[in-house]
Amino acid sequence: MENYILGFCIVLLLSTGGCAAGHEDYKKYLNMNIGESIKNQKLSSSPDAGKLIRSDYLIDGEGLTNITTLDSGILRYHFSRQEVLPNYSIKDYVGKCLIYYDVDPNTHIIIAWGFDEGGNPLSCRTWS
């Protein structure tokens with residue numbers, strides 16, 4: 001009986017020991033911002049940039065890195081959210097979570113978002 005309990009505890013530990021909760025969850029979070037004002041977003045540089053968030057695999061991003069204007073006049077706000085460091089259990093997610101919001105310059109409403117160049121979209125995820 002003790003072996004079954006021990007085995008169950010080991011399986012439970014291994015299944016919850018991973019840290020990635022979801023890339024799809026993160027995309028849902030970004031979708032919720034469409035139609036919202038960019039003024040409600042944190043637009044300053046992150047005071048915790050470069051600091052570890054989770055153990056040895058997740059550090060804080062820079063926050064808003066720059067704003068560009070597209071040919072159509074739409075403003076593109078570029079964000080560095082987080083960086084995933086190499087770790088044996090999460091190697092597919094290694095890289096920077098770089099996203100952008102496309103914003104109407106007159107209303108400051110977010111009209112779209114996307115994954116920015118130079119990042120790894122899979123590193124953009126919620127973490128448990």
# chains A, B, ... in the order shown; residues from 1 in each chain; ligands from 1

call {"tool": "residues_around", "arguments": {"residues": "Asn40 (chain A)", "least_positions_apart": "4", "cutoff": "10 Å", "atoms": "only C-alpha atoms", "output": "ChimeraX atom specification"}}
result
/A:33,36,108-109

call {"tool": "atom_distance", "arguments": {"atom1": "CA of Ile38 (chain A)", "atom2": "CA of Gly95 (chain A)"}}
result
25.5 Å

call {"tool": "closest_residue", "arguments": {"among": "A:Asp104, A:Val94, A:Gly119, A:Thr68", "to": "Ser80 (chain A)", "atoms": "only C-alpha atoms"}}
result
A:Gly119

call {"tool": "closest_residue", "arguments": {"among": "A:Tyr101, A:Leu30, A:Thr107, A:Asn120", "to": "Leu70 (chain A)", "atoms": "only C-alpha atoms"}}
result
A:Tyr101

call {"tool": "decode", "arguments": {"residues": "region 3-118 of chain A", "atoms": "C-alpha atoms", "output": "JSON list (two decimals), in the first residue's frame"}}
result
[["chain", "number", "residue", "atom", "x", "y", "z"],
["A", 3, "ASN", "CA", 4.33, 1.78, -2.62],
["A", 4, "TYR", "CA", 1.07, 2.81, -4.31],
["A", 5, "ILE", "CA", 0.88, 6.00, -2.28],
["A", 6, "LEU", "CA", 4.54, 6.76, -2.96],
["A", 7, "GLY", "CA", 4.05, 6.08, -6.67],
["A", 8, "PHE", "CA", 0.99, 8.31, -6.79],
["A", 9, "CYS", "CA", 2.89, 11.13, -5.04],
["A", 10, "ILE", "CA", 5.79, 10.83, -7.49],
["A", 11, "VAL", "CA", 3.47, 10.92, -10.51],
["A", 12, "LEU", "CA", 1.63, 13.89, -9.03],
["A", 13, "LEU", "CA", 4.89, 15.72, -8.38],
["A", 14, "LEU", "CA", 6.17, 15.06, -11.89],
["A", 15, "SER", "CA", 2.94, 16.16, -13.53],
["A", 16, "THR", "CA", 2.77, 19.42, -11.56],
["A", 17, "GLY", "CA", 6.52, 20.00, -11.58],
["A", 18, "GLY", "CA", 6.34, 21.46, -15.07],
["A", 19, "CYS", "CA", 5.80, 25.15, -15.16],
["A", 20, "ALA", "CA", 4.11, 25.90, -18.44],
["A", 21, "ALA", "CA", 0.40, 26.37, -18.21],
["A", 22, "GLY", "CA", -0.40, 27.50, -21.67],
["A", 23, "HIS", "CA", 0.32, 29.33, -24.87],
["A", 24, "GLU", "CA", -3.38, 29.28, -25.75],
["A", 25, "ASP", "CA", -4.22, 30.85, -22.37],
["A", 26, "TYR", "CA", -1.80, 33.66, -23.11],
["A", 27, "LYS", "CA", -3.38, 34.30, -26.51],
["A", 28, "LYS", "CA", -6.82, 34.47, -24.85],
["A", 29, "TYR", "CA", -5.42, 37.02, -22.41],
["A", 30, "LEU", "CA", -4.14, 39.16, -25.32],
["A", 31, "ASN", "CA", -7.46, 38.81, -27.17],
["A", 32, "MET", "CA", -9.24, 40.27, -24.14],
["A", 33, "ASN", "CA", -7.30, 43.52, -24.66],
["A", 34, "ILE", "CA", -8.69, 44.12, -28.16],
["A", 35, "GLY", "CA", -11.18, 46.97, -27.97],
["A", 36, "GLU", "CA", -9.62, 48.35, -24.77],
["A", 37, "SER", "CA", -7.75, 51.61, -24.48],
["A", 38, "ILE", "CA", -3.95, 51.36, -24.61],
["A", 39, "LYS", "CA", -3.94, 53.99, -21.87],
["A", 40, "ASN", "CA", -5.07, 51.22, -19.50],
["A", 41, "GLN", "CA", -1.90, 49.23, -20.27],
["A", 42, "LYS", "CA", 1.32, 49.60, -18.31],
["A", 43, "LEU", "CA", 3.46, 51.59, -20.76],
["A", 44, "SER", "CA", 6.60, 52.26, -18.74],
["A", 45, "SER", "CA", 9.73, 50.21, -18.63],
["A", 46, "SER", "CA", 9.55, 47.40, -16.15],
["A", 47, "PRO", "CA", 11.42, 48.23, -12.92],
["A", 48, "ASP", "CA", 12.02, 44.50, -12.48],
["A", 49, "ALA", "CA", 13.53, 43.97, -15.96],
["A", 50, "GLY", "CA", 16.13, 41.25, -15.89],
["A", 51, "LYS", "CA", 15.08, 39.89, -12.49],
["A", 52, "LEU", "CA", 14.14, 36.26, -11.99],
["A", 53, "ILE", "CA", 10.41, 35.65, -11.83],
["A", 54, "ARG", "CA", 10.41, 31.88, -11.41],
["A", 55, "SER", "CA", 13.38, 29.92, -10.13],
["A", 56, "ASP", "CA", 16.05, 29.75, -12.82],
["A", 57, "TYR", "CA", 14.01, 29.78, -16.00],
["A", 58, "LEU", "CA", 11.90, 32.94, -16.26],
["A", 59, "ILE", "CA", 13.05, 36.55, -16.07],
["A", 60, "ASP", "CA", 11.07, 39.77, -16.32],
["A", 61, "GLY", "CA", 10.91, 41.57, -19.66],
["A", 62, "GLU", "CA", 11.55, 45.22, -20.37],
["A", 63, "GLY", "CA", 7.94, 46.37, -20.73],
["A", 64, "LEU", "CA", 7.22, 48.84, -23.54],
["A", 65, "THR", "CA", 10.30, 48.92, -25.76],
["A", 66, "ASN", "CA", 9.21, 51.31, -28.53],
["A", 67, "ILE", "CA", 6.33, 52.66, -30.60],
["A", 68, "THR", "CA", 6.40, 52.69, -34.39],
["A", 69, "THR", "CA", 3.99, 54.14, -36.93],
["A", 70, "LEU", "CA", 2.86, 51.87, -39.76],
["A", 71, "ASP", "CA", 2.36, 53.20, -43.30],
["A", 72, "SER", "CA", -1.38, 53.17, -42.64],
["A", 73, "GLY", "CA", -0.95, 55.53, -39.67],
["A", 74, "ILE", "CA", -1.68, 52.83, -37.10],
["A", 75, "LEU", "CA", 0.57, 52.96, -34.03],
["A", 76, "ARG", "CA", 2.38, 49.75, -33.12],
["A", 77, "TYR", "CA", 3.34, 49.40, -29.45],
["A", 78, "HIS", "CA", 6.16, 46.86, -28.96],
["A", 79, "PHE", "CA", 6.43, 45.01, -25.64],
["A", 80, "SER", "CA", 9.01, 42.68, -24.14],
["A", 81, "ARG", "CA", 7.03, 40.61, -21.62],
["A", 82, "GLN", "CA", 9.37, 37.90, -20.36],
["A", 83, "GLU", "CA", 12.33, 35.75, -21.30],
["A", 84, "VAL", "CA", 12.46, 32.00, -20.83],
["A", 85, "LEU", "CA", 15.91, 30.66, -20.00],
["A", 86, "PRO", "CA", 17.17, 27.20, -20.99],
["A", 87, "ASN", "CA", 15.85, 24.48, -18.71],
["A", 88, "TYR", "CA", 15.73, 20.73, -19.31],
["A", 89, "SER", "CA", 11.94, 20.56, -18.99],
["A", 90, "ILE", "CA", 10.91, 23.63, -20.99],
["A", 91, "LYS", "CA", 13.39, 23.82, -23.86],
["A", 92, "ASP", "CA", 10.66, 24.41, -26.50],
["A", 93, "TYR", "CA", 9.74, 27.69, -24.82],
["A", 94, "VAL", "CA", 13.26, 29.19, -24.59],
["A", 95, "GLY", "CA", 13.37, 32.73, -25.94],
["A", 96, "LYS", "CA", 11.78, 36.10, -25.47],
["A", 97, "CYS", "CA", 8.07, 36.81, -25.39],
["A", 98, "LEU", "CA", 7.83, 39.79, -27.71],
["A", 99, "ILE", "CA", 4.39, 41.07, -28.67],
["A", 100, "TYR", "CA", 2.88, 44.16, -30.21],
["A", 101, "TYR", "CA", -0.44, 45.93, -30.08],
["A", 102, "ASP", "CA", -1.77, 47.84, -33.10],
["A", 103, "VAL", "CA", -3.53, 50.95, -31.83],
["A", 104, "ASP", "CA", -5.81, 53.49, -33.49],
["A", 105, "PRO", "CA", -3.92, 56.82, -33.17],
["A", 106, "ASN", "CA", -7.10, 58.85, -32.66],
["A", 107, "THR", "CA", -8.98, 56.75, -30.11],
["A", 108, "HIS", "CA", -6.02, 54.87, -28.53],
["A", 109, "ILE", "CA", -8.07, 51.65, -28.84],
["A", 110, "ILE", "CA", -6.20, 48.37, -29.36],
["A", 111, "ILE", "CA", -7.37, 46.92, -32.68],
["A", 112, "ALA", "CA", -5.02, 43.93, -33.02],
["A", 113, "TRP", "CA", -2.02, 42.21, -31.50],
["A", 114, "GLY", "CA", 0.70, 39.89, -32.73],
["A", 115, "PHE", "CA", 3.98, 38.22, -31.92],
["A", 116, "ASP", "CA", 6.92, 40.49, -32.67],
["A", 117, "GLU", "CA", 9.98, 39.53, -34.69],
["A", 118, "GLY", "CA", 12.96, 38.20, -32.79]]
